[in-house]
Structure formats: structure tokens, C-alpha cells
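Student: Below you'll find data_15.pdb; it's PDB, C-alpha atoms.
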```pdb
ATOM      1  CA  MET A   1     116.960 116.826 119.052  1.00  0.00           C
ATOM      2  CA  MET A   2     120.242 115.185 120.002  1.00  0.00           C
ATOM      3  CA  ASP A   3     122.696 114.420 117.188  1.00  0.00           C
ATOM      4  CA  GLU A   4     122.367 110.716 117.911  1.00  0.00           C
ATOM      5  CA  GLU A   5     118.566 110.917 117.636  1.00  0.00           C
ATOM      6  CA  VAL A   6     118.809 112.865 114.363  1.00  0.00           C
ATOM      7  CA  GLU A   7     121.169 110.305 112.859  1.00  0.00           C
ATOM      8  CA  GLY A   8     118.798 107.545 113.921  1.00  0.00           C
ATOM      9  CA  LEU A   9     115.865 109.274 112.222  1.00  0.00           C
ATOM     10  CA  LYS A  10     117.835 109.872 109.028  1.00  0.00           C
ATOM     11  CA  ARG A  11     118.059 106.120 108.505  1.00  0.00           C
ATOM     12  CA  HIS A  12     114.303 106.136 107.879  1.00  0.00           C
ATOM     13  CA  LEU A  13     114.579 108.568 104.934  1.00  0.00           C
ATOM     14  CA  GLN A  14     114.805 107.730 101.255  1.00  0.00           C
ATOM     15  CA  ILE A  15     115.680 110.536  98.822  1.00  0.00           C
ATOM     16  CA  MET A  16     113.565 110.252  95.661  1.00  0.00           C
ATOM     17  CA  ALA A  17     113.854 111.868  92.223  1.00  0.00           C
ATOM     18  CA  ASN A  18     111.101 114.282  91.188  1.00  0.00           C
ATOM     19  CA  ASP A  19     108.549 112.999  88.665  1.00  0.00           C
ATOM     20  CA  ASP A  20     105.818 115.241  87.288  1.00  0.00           C
ATOM     21  CA  ASP A  21     104.863 113.285  84.188  1.00  0.00           C
ATOM     22  CA  ASP A  22     101.135 113.794  84.674  1.00  0.00           C
ATOM     23  CA  VAL A  23     101.156 117.604  84.734  1.00  0.00           C
ATOM     24  CA  TYR A  24      99.490 119.252  81.753  1.00  0.00           C
ATOM     25  CA  THR A  25     100.338 122.958  81.619  1.00  0.00           C
ATOM     26  CA  GLU A  26      98.433 125.527  79.627  1.00  0.00           C
ATOM     27  CA  ALA A  27      98.679 129.330  79.511  1.00  0.00           C
ATOM     28  CA  THR A  28     101.164 131.182  81.708  1.00  0.00           C
ATOM     29  CA  PRO A  29     103.075 129.147  84.306  1.00  0.00           C
ATOM     30  CA  LEU A  30     101.755 129.684  87.806  1.00  0.00           C
ATOM     31  CA  ALA A  31     103.537 131.931  90.255  1.00  0.00           C
ATOM     32  CA  SER A  32     103.333 130.481  93.750  1.00  0.00           C
ATOM     33  CA  LYS A  33     102.742 133.924  95.271  1.00  0.00           C
ATOM     34  CA  VAL A  34      99.457 134.330  93.342  1.00  0.00           C
ATOM     35  CA  HIS A  35      96.485 133.043  95.344  1.00  0.00           C
ATOM     36  CA  VAL A  36      94.243 130.179  94.287  1.00  0.00           C
ATOM     37  CA  VAL A  37      90.734 131.531  93.659  1.00  0.00           C
ATOM     38  CA  ASP A  38      88.870 128.635  92.050  1.00  0.00           C
ATOM     39  CA  TYR A  39      89.072 125.102  90.757  1.00  0.00           C
ATOM     40  CA  GLN A  40      87.205 123.151  88.096  1.00  0.00           C
ATOM     41  CA  ILE A  41      87.120 119.625  86.744  1.00  0.00           C
ATOM     42  CA  HIS A  42      88.416 120.033  83.196  1.00  0.00           C
ATOM     43  CA  HIS A  43      88.549 117.438  80.400  1.00  0.00           C
ATOM     44  CA  GLU A  44      91.475 117.479  77.984  1.00  0.00           C
ATOM     45  CA  ASN A  45      92.406 114.699  75.534  1.00  0.00           C
ATOM     46  CA  ASN A  46      89.647 112.527  77.012  1.00  0.00           C
ATOM     47  CA  LYS A  47      91.155 112.792  80.483  1.00  0.00           C
ATOM     48  CA  PRO A  48      89.770 114.604  83.555  1.00  0.00           C
ATOM     49  CA  TYR A  49      92.062 117.140  85.211  1.00  0.00           C
ATOM     50  CA  TYR A  50      91.920 119.355  88.252  1.00  0.00           C
ATOM     51  CA  LYS A  51      92.052 122.887  86.853  1.00  0.00           C
ATOM     52  CA  ILE A  52      93.513 125.245  89.448  1.00  0.00           C
ATOM     53  CA  ILE A  53      92.822 128.915  88.751  1.00  0.00           C
ATOM     54  CA  ARG A  54      94.866 131.736  90.277  1.00  0.00           C
ATOM     55  CA  ALA A  55      93.944 135.354  91.004  1.00  0.00           C
ATOM     56  CA  ASP A  56      95.833 136.626  87.946  1.00  0.00           C
ATOM     57  CA  GLY A  57      93.806 134.424  85.597  1.00  0.00           C
ATOM     58  CA  THR A  58      96.516 131.832  85.005  1.00  0.00           C
ATOM     59  CA  HIS A  59      95.773 128.180  85.540  1.00  0.00           C
ATOM     60  CA  LYS A  60      97.353 124.760  85.594  1.00  0.00           C
ATOM     61  CA  LEU A  61      95.899 121.312  84.984  1.00  0.00           C
ATOM     62  CA  PHE A  62      96.717 118.324  87.182  1.00  0.00           C
ATOM     63  CA  LEU A  63      95.872 114.784  86.205  1.00  0.00           C
ATOM     64  CA  SER A  64      96.265 113.480  89.743  1.00  0.00           C
ATOM     65  CA  PHE A  65      95.778 114.818  93.247  1.00  0.00           C
ATOM     66  CA  ILE A  66      99.309 113.707  94.102  1.00  0.00           C
ATOM     67  CA  THR A  67     100.817 115.922  91.402  1.00  0.00           C
ATOM     68  CA  LEU A  68      98.601 118.756  92.566  1.00  0.00           C
ATOM     69  CA  LEU A  69     100.073 118.371  96.058  1.00  0.00           C
ATOM     70  CA  ASN A  70     103.552 118.436  94.568  1.00  0.00           C
ATOM     71  CA  ASN A  71     102.836 121.906  93.186  1.00  0.00           C
ATOM     72  CA  PHE A  72     100.909 123.340  96.149  1.00  0.00           C
ATOM     73  CA  ASP A  73     101.986 125.080  99.324  1.00  0.00           C
ATOM     74  CA  LYS A  74     100.077 125.033 102.620  1.00  0.00           C
ATOM     75  CA  GLU A  75      98.095 128.166 101.796  1.00  0.00           C
ATOM     76  CA  ASP A  76      97.027 126.733  98.424  1.00  0.00           C
ATOM     77  CA  LEU A  77      95.800 123.558 100.098  1.00  0.00           C
ATOM     78  CA  GLU A  78      93.874 125.429 102.787  1.00  0.00           C
ATOM     79  CA  THR A  79      92.257 127.637 100.127  1.00  0.00           C
ATOM     80  CA  LEU A  80      91.283 124.601  98.059  1.00  0.00           C
ATOM     81  CA  TRP A  81      89.663 123.032 101.121  1.00  0.00           C
ATOM     82  CA  LYS A  82      87.691 126.234 101.724  1.00  0.00           C
ATOM     83  CA  LEU A  83      86.511 126.296  98.090  1.00  0.00           C
ATOM     84  CA  VAL A  84      85.513 122.629  98.111  1.00  0.00           C
ATOM     85  CA  LYS A  85      83.749 122.900 101.471  1.00  0.00           C
ATOM     86  CA  GLU A  86      81.742 125.935 100.338  1.00  0.00           C
ATOM     87  CA  ARG A  87      80.847 124.353  96.996  1.00  0.00           C
ATOM     88  CA  PHE A  88      79.450 121.192  98.550  1.00  0.00           C
ATOM     89  CA  GLU A  89      77.952 122.678 101.690  1.00  0.00           C
ATOM     90  CA  THR A  90      74.410 122.116 100.404  1.00  0.00           C
ATOM     91  CA  THR A  91      74.932 119.832  97.388  1.00  0.00           C
ATOM     92  CA  GLU A  92      76.584 116.494  96.720  1.00  0.00           C
ATOM     93  CA  PRO A  93      79.477 115.967  94.260  1.00  0.00           C
ATOM     94  CA  LYS A  94      78.287 114.683  90.888  1.00  0.00           C
ATOM     95  CA  ASN A  95      81.561 113.230  89.607  1.00  0.00           C
ATOM     96  CA  PHE A  96      84.368 111.067  90.929  1.00  0.00           C
ATOM     97  CA  LEU A  97      87.060 113.773  91.119  1.00  0.00           C
ATOM     98  CA  ASP A  98      84.890 116.174  93.118  1.00  0.00           C
ATOM     99  CA  ASP A  99      83.800 113.367  95.429  1.00  0.00           C
ATOM    100  CA  PHE A 100      87.395 112.221  95.890  1.00  0.00           C
ATOM    101  CA  LEU A 101      88.568 115.769  96.592  1.00  0.00           C
ATOM    102  CA  LEU A 102      85.832 116.428  99.140  1.00  0.00           C
ATOM    103  CA  ASN A 103      86.475 113.213 101.049  1.00  0.00           C
ATOM    104  CA  ILE A 104      90.270 113.471 101.007  1.00  0.00           C
ATOM    105  CA  LEU A 105      90.294 117.080 102.217  1.00  0.00           C
ATOM    106  CA  LYS A 106      87.633 116.364 104.835  1.00  0.00           C
ATOM    107  CA  ILE A 107      89.819 113.611 106.306  1.00  0.00           C
ATOM    108  CA  MET A 108      92.826 115.942 106.253  1.00  0.00           C
ATOM    109  CA  PHE A 109      91.302 119.018 107.838  1.00  0.00           C
ATOM    110  CA  GLU A 110      88.301 118.039 109.942  1.00  0.00           C
ATOM    111  CA  LYS A 111      88.437 116.509 113.397  1.00  0.00           C
ATOM    112  CA  PRO A 112      89.157 112.793 112.914  1.00  0.00           C
ATOM    113  CA  ASN A 113      86.148 110.534 113.374  1.00  0.00           C
ATOM    114  CA  ILE A 114      87.320 107.251 114.848  1.00  0.00           C
ATOM    115  CA  LYS A 115      84.374 105.438 113.240  1.00  0.00           C
ATOM    116  CA  ALA A 116      85.190 106.616 109.697  1.00  0.00           C
ATOM    117  CA  ASN A 117      85.955 103.870 107.184  1.00  0.00           C
ATOM    118  CA  VAL A 118      89.358 105.313 106.318  1.00  0.00           C
ATOM    119  CA  TRP A 119      90.650 104.395 109.780  1.00  0.00           C
ATOM    120  CA  LYS A 120      88.898 101.036 109.804  1.00  0.00           C
ATOM    121  CA  ASP A 121      90.596 100.232 106.492  1.00  0.00           C
ATOM    122  CA  GLN A 122      93.827  99.827 108.441  1.00  0.00           C
ATOM    123  CA  LYS A 123      92.268  96.580 109.572  1.00  0.00           C
ATOM    124  CA  GLY A 124      91.527  94.385 106.584  1.00  0.00           C
ATOM    125  CA  ARG A 125      89.563  91.184 106.248  1.00  0.00           C
ATOM    126  CA  TYR A 126      92.600  89.078 107.058  1.00  0.00           C
ATOM    127  CA  GLY A 127      94.146  91.260 109.740  1.00  0.00           C
ATOM    128  CA  LEU A 128      95.907  94.600 109.867  1.00  0.00           C
ATOM    129  CA  ALA A 129      96.654  96.175 106.491  1.00  0.00           C
ATOM    130  CA  LYS A 130     100.190  96.210 105.144  1.00  0.00           C
ATOM    131  CA  VAL A 131     101.906  99.559 104.539  1.00  0.00           C
ATOM    132  CA  LYS A 132     103.390  99.615 101.025  1.00  0.00           C
ATOM    133  CA  SER A 133     104.909 103.114 100.954  1.00  0.00           C
ATOM    134  CA  TRP A 134     105.120 106.425 102.797  1.00  0.00           C
ATOM    135  CA  LYS A 135     105.816 109.759 101.103  1.00  0.00           C
ATOM    136  CA  LEU A 136     106.203 113.384 102.219  1.00  0.00           C
ATOM    137  CA  PHE A 137     105.084 116.418 100.202  1.00  0.00           C
ATOM    138  CA  GLU A 138     106.936 119.102 102.093  1.00  0.00           C
ATOM    139  CA  SER A 139     105.712 122.157 100.176  1.00  0.00           C
ATOM    140  CA  CYS A 140     102.142 121.640 101.407  1.00  0.00           C
ATOM    141  CA  GLY A 141     102.888 119.752 104.628  1.00  0.00           C
ATOM    142  CA  VAL A 142     101.185 116.490 103.629  1.00  0.00           C
ATOM    143  CA  HIS A 143     102.324 112.892 103.919  1.00  0.00           C
ATOM    144  CA  ILE A 144     100.753 109.925 102.151  1.00  0.00           C
ATOM    145  CA  ILE A 145     100.587 106.437 103.593  1.00  0.00           C
ATOM    146  CA  THR A 146      99.808 103.808 100.975  1.00  0.00           C
ATOM    147  CA  PHE A 147      98.364 100.595 102.374  1.00  0.00           C
ATOM    148  CA  LYS A 148      97.492  97.430 100.523  1.00  0.00           C
ATOM    149  CA  THR A 149      93.827  98.309 101.120  1.00  0.00           C
ATOM    150  CA  THR A 150      93.740 102.110 100.964  1.00  0.00           C
ATOM    151  CA  GLN A 151      95.693 105.366 100.770  1.00  0.00           C
ATOM    152  CA  MET A 152      95.740 108.103 103.414  1.00  0.00           C
ATOM    153  CA  PHE A 153      96.524 111.769 102.764  1.00  0.00           C
ATOM    154  CA  LEU A 154      97.389 113.364 106.109  1.00  0.00           C
ATOM    155  CA  LEU A 155      98.700 116.692 107.378  1.00  0.00           C
ATOM    156  CA  VAL A 156     102.155 116.517 108.952  1.00  0.00           C
ATOM    157  CA  LYS A 157     101.173 118.733 111.885  1.00  0.00           C
ATOM    158  CA  LYS A 158      98.048 116.783 112.828  1.00  0.00           C
ATOM    159  CA  LYS A 159      97.518 113.567 114.770  1.00  0.00           C
ATOM    160  CA  TYR A 160      95.227 110.906 113.325  1.00  0.00           C
ATOM    161  CA  HIS A 161      93.769 107.548 114.323  1.00  0.00           C
ATOM    162  CA  LEU A 162      96.588 105.248 113.254  1.00  0.00           C
ATOM    163  CA  THR A 163      96.745 101.767 114.705  1.00  0.00           C
ATOM    164  CA  HIS A 164      99.899 100.706 116.525  1.00  0.00           C
ATOM    165  CA  PHE A 165     100.707  98.434 113.591  1.00  0.00           C
ATOM    166  CA  SER A 166     100.645 101.262 111.015  1.00  0.00           C
ATOM    167  CA  PRO A 167     103.404 103.505 112.471  1.00  0.00           C
ATOM    168  CA  GLU A 168     105.351 100.379 113.357  1.00  0.00           C
ATOM    169  CA  GLN A 169     105.433  99.438 109.669  1.00  0.00           C
ATOM    170  CA  MET A 170     106.099 103.032 108.610  1.00  0.00           C
ATOM    171  CA  LEU A 171     109.253 103.072 110.712  1.00  0.00           C
ATOM    172  CA  ASN A 172     110.404  99.479 110.305  1.00  0.00           C
ATOM    173  CA  ASN A 173     109.161  98.129 106.959  1.00  0.00           C
ATOM    174  CA  VAL A 174     109.299 101.160 104.653  1.00  0.00           C
ATOM    175  CA  LYS A 175     111.171 104.458 104.463  1.00  0.00           C
ATOM    176  CA  LEU A 176     109.794 107.974 104.284  1.00  0.00           C
ATOM    177  CA  GLU A 177     110.221 109.062 100.660  1.00  0.00           C
ATOM    178  CA  VAL A 178     111.375 112.682 100.416  1.00  0.00           C
ATOM    179  CA  LYS A 179     112.911 115.021  97.846  1.00  0.00           C
ATOM    180  CA  LYS A 180     115.549 116.017 100.382  1.00  0.00           C
ATOM    181  CA  GLU A 181     116.351 115.701 104.048  1.00  0.00           C
ATOM    182  CA  SER A 182     114.664 118.518 105.976  1.00  0.00           C
ATOM    183  CA  GLU A 183     113.482 119.693 109.355  1.00  0.00           C
ATOM    184  CA  MET A 184     109.912 118.722 108.442  1.00  0.00           C
ATOM    185  CA  SER A 185     110.872 115.184 107.441  1.00  0.00           C
ATOM    186  CA  LEU A 186     112.743 114.641 110.703  1.00  0.00           C
ATOM    187  CA  GLU A 187     109.876 116.182 112.676  1.00  0.00           C
ATOM    188  CA  LEU A 188     107.387 113.831 110.996  1.00  0.00           C
ATOM    189  CA  LEU A 189     109.542 110.812 111.787  1.00  0.00           C
ATOM    190  CA  MET A 190     109.813 111.939 115.395  1.00  0.00           C
ATOM    191  CA  LEU A 191     106.029 112.435 115.690  1.00  0.00           C
ATOM    192  CA  VAL A 192     105.291 108.996 114.228  1.00  0.00           C
ATOM    193  CA  ASN A 193     107.864 107.451 116.541  1.00  0.00           C
ATOM    194  CA  ARG A 194     106.181 109.109 119.523  1.00  0.00           C
ATOM    195  CA  GLN A 195     102.782 107.877 118.390  1.00  0.00           C
ATOM    196  CA  LEU A 196     104.179 104.370 118.069  1.00  0.00           C
ATOM    197  CA  ASN A 197     105.625 104.488 121.576  1.00  0.00           C
ATOM    198  CA  LYS A 198     102.433 105.939 123.018  1.00  0.00           C
ATOM    199  CA  GLY A 199     100.310 103.356 121.251  1.00  0.00           C
ATOM    200  CA  TYR A 200      96.789 103.430 119.862  1.00  0.00           C
ATOM    201  CA  VAL A 201      94.437 100.502 119.407  1.00  0.00           C
ATOM    202  CA  LEU A 202      91.721 100.608 116.747  1.00  0.00           C
ATOM    203  CA  GLU A 203      88.413  99.406 118.162  1.00  0.00           C
TER
END
```
Once you've parsed the file, please lay out its structure as C-alpha cells.

Tutor:
Amino acid sequence: MMDEEVEGLKRHLQIMANDDDDVYTEATPLASKVHVVDYQIHHENNKPYYKIIRADGTHKLFLSFITLLNNFDKEDLETLWKLVKERFETTEPKNFLDDFLLNILKIMFEKPNIKANVWKDQKGRYGLAKVKSWKLFESCGVHIITFKTTQMFLLVKKKYHLTHFSPEQMLNNVKLEVKKESEMSLELLMLVNRQLNKGYVLE
């Protein structure tokens, strides 16, 4: 990228402080190099958590999927998707967290279905949905677009069915929230800008 283009993209970034208030840690702290081998829905203090179990027997509890993403890398996320997909290959989720996890990861990793509700939710009852915020989780390569009507968890390296109005708002009405300026954040901005220029109309 040209220096002028980079400087232009940087104007769309907003550096944010880290906030992990909803992490509940138990046992030995996780080492990122130890593989994820299982997950469970665990209840602690009358709250449901995602319990992520590593190969060395250590685990960590996450109250929200967003905080889980904050502590995952790409390999962790891909492994979690594999575990979830295998678990619900022949059965249906029986609780909200499992159902949420299955649907969110399916949208992330599977080939986008243009008829899926998540893409239609960009178009609300009274017109196209307003983008409220946009955030990058660099460690796992995920960005989150929060609309007035819904929230999308998307992989940075993958193209999805965004309406022309969505990337337009992402670049003009909000800023990409990041922990720090990085190659990935600039790459994401460039990809969204290209998608905006190319255009896509939701049927």
C-alpha cells in the first residue's frame, strides 16, 4: 500500500483499552501453545460460562463469546468450530449457549448462504439497519459488526454478503475499534473499502 493510502486508512481506526471484566479464571492459567481439546457449558455463581479445556487439563471460563474471542487465536477458534460441528452433527443444541455457538461459528466458517436471516437482518422493517460499532479481535482474526438489529461475527480473511450500505457505514459512520494499529487492521479496512467500491445489493 502507498503511504498516502495507509494514512487514509488509519483515520478509520480507534485504539481501545482492553476490558476483560467477564472472565472467570479457575485452576492454572492457560498457555496459548496448549491445544483446545474440549468445551462445556459450565454454571458458576448462577451464571452460564463457556468452559474451554486444554490438552494439559487446564481450563478457563468465559461469560461471553466476545471475551472468549479476546483470549483465542485462530487455531483455537478453528478447533472450537470442529468440536461444535462434530457434537451437533446428529443432534440439536439443548441450551441457548450451545445454540448460539453453533450458529455463530456456522456463519463464520461455512459458505455464506445469501438467504440466511443474518444477512437479511441488514435490512430492517424501516429500511437498512444502522451500524452501531465495529471491532477487531486480531488474535483470532475476527471482526464484529454491531447493528441496531443484530450482531455479526465474521472472519477477517473471508468475504460475506454485506449490503452496500453496511460497509459504507463501517467506513464513514463508525471507526474500527482495535487494541493497536496493525497490518491486519489496515488489511481489513482495505478489504471493506474494496467491497464498498465493488458494491453488493441484498435481494

Student: Enumerate, as a count of residues only, the residues matched when the PyMOL selection byres ((chain A and resi 106) around 12) is run on the file above.

Tutor: 29

Student: Could you check the closest approach to A:Gln122 for each of A:Val142, A:Leu68, A:Leu162, A:Leu83 and tell me which residue wins, using all atoms listed in the file?

Tutor: A:Leu162

Student: Find the residues around A:Leu128 up to 10 Å (all atoms listed in the file counted), leave out those fewer than 2 positions away in its own chain, and share them as an NGL selection string.

Tutor: :A and (120-126 or 130-131 or 147-149 or 163-166)

Student: If you count all atoms listed in the file, which residues fall within 9 Å of stretch 6-10 of chain A, apart from same-chain ones fewer than 5 positions away, as a ChimeraX atom specification?

Tutor: /A:1,181,185-186,189-190

Student: Check the smallest atom-to-atom distance from each of A:Phe65, A:Leu97, A:Ile52, A:Thr146 to A:Val174 using only C-alpha atoms, then report the winner.

Tutor: A:Thr146

Student: Can you translate the PyMOL selection byres ((chain A and resi 49) around 6) into the concrete residues it hits in this file, as a PyMOL selection string?

Tutor: chain A and resi 41-43+48+50-51+61-63

Student: Report, in Å to a single decimal, how far apart atom CA of A:His143 and atom CA of A:Asp38 are.

Tutor: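 Separation between atom CA of A:Asp38 and atom CA of A:His143: 23.9 Å.
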
Student: Excluding A:Phe137 and any residue of its chain fewer than 4 positions from it, enumerate the residues within 10 Å of it, using only C-alpha atoms, and give them as a short mmCIF file (atom, residue, chain, number, x, y, z; two decimals) with C-alpha atoms, keeping the file's coordinate frame.

Tutor:
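The result, written out as part_23.cif:
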```cif
data_model
loop_
_atom_site.label_atom_id
_atom_site.label_comp_id
_atom_site.auth_asym_id
_atom_site.auth_seq_id
_atom_site.Cartn_x
_atom_site.Cartn_y
_atom_site.Cartn_z
CA ILE A 66 99.31 113.71 94.10
CA THR A 67 100.82 115.92 91.40
CA LEU A 69 100.07 118.37 96.06
CA ASN A 70 103.55 118.44 94.57
CA ASN A 71 102.84 121.91 93.19
CA PHE A 72 100.91 123.34 96.15
CA ASP A 73 101.99 125.08 99.32
CA GLY A 141 102.89 119.75 104.63
CA VAL A 142 101.18 116.49 103.63
CA HIS A 143 102.32 112.89 103.92
CA ILE A 144 100.75 109.92 102.15
CA LEU A 155 98.70 116.69 107.38
CA VAL A 156 102.16 116.52 108.95
CA GLU A 177 110.22 109.06 100.66
CA VAL A 178 111.38 112.68 100.42
CA LYS A 179 112.91 115.02 97.85
CA MET A 184 109.91 118.72 108.44
CA SER A 185 110.87 115.18 107.44
#
```

Student: Can you pull out the residues contacting A:Val36? Cut-off 8 Å, using all atoms listed in the file, and skip same-chain residues under 4 positions away; I want them as a list in words.

Tutor: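 Near A:Val36, the qualifying residues are Ile52, Ile53, Arg54, Ala55, Asp76, Thr79 and Leu80 of chain A.
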
Student: Could you dump the residues just selected with C-alpha atoms as a PDB file, in the coordinates of the input?

Tutor:
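Result file result_0.pdb:
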```
ATOM      1  CA  ILE A  52      93.513 125.245  89.448  1.00  0.00           C
ATOM      2  CA  ILE A  53      92.822 128.915  88.751  1.00  0.00           C
ATOM      3  CA  ARG A  54      94.866 131.736  90.277  1.00  0.00           C
ATOM      4  CA  ALA A  55      93.944 135.354  91.004  1.00  0.00           C
ATOM      5  CA  ASP A  76      97.027 126.733  98.424  1.00  0.00           C
ATOM      6  CA  THR A  79      92.257 127.637 100.127  1.00  0.00           C
ATOM      7  CA  LEU A  80      91.283 124.601  98.059  1.00  0.00           C
TER       8      LEU A  80
END
```

Student: What gap, in Å, lies between atom CA of A:Val192 and atom CA of A:Leu171?

Tutor: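 Between these atoms lies a distance of 7.9 Å.
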
Student: I'd like the box whose edges run along x, y and z of the file and which contains every listed atom of stretch 40-51 of chain A, padded by 8 Å per side; could you state its centre and edge lengths in Å, one decimal, as lines of an AutoDock Vina configuration file?

Tutor:
```
center_x = 89.8
center_y = 117.8
center_z = 81.9
size_x = 21.3
size_y = 26.6
size_z = 28.7
```

Student: So which one's closest to A:Gln169, A:Lys33, A:Arg87, A:His12, A:Lys94? Using all atoms listed in the file, please.

Tutor: A:His12

Student: In Å, rounded to a single decimal, give me how far atom CA of A:Lys60 is from atom CA of A:Gln40.

Tutor: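 Atom CA of A:Lys60 lies 10.6 Å from atom CA of A:Gln40.
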
Student: I'd like to know which of A:Gly57, A:Pro93, A:Gly127, A:Pro167 is closest to A:Val37, using all atoms listed in the file.

Tutor: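 Among A:Gly57, A:Pro93, A:Gly127, A:Pro167, it is A:Gly57 that comes nearest to A:Val37.
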
Student: Under the rule that all atoms listed in the file are counted, which of A:Lys158, A:His59, A:His35, A:Arg11 is the nearest residue to A:Leu188?

Tutor: A:Lys158

Student: Using only C-alpha atoms for the distances, tell me which of A:Cys140, A:Leu191, A:Leu176, A:Ile15 is nearest to A:Lys74.

Tutor: A:Cys140
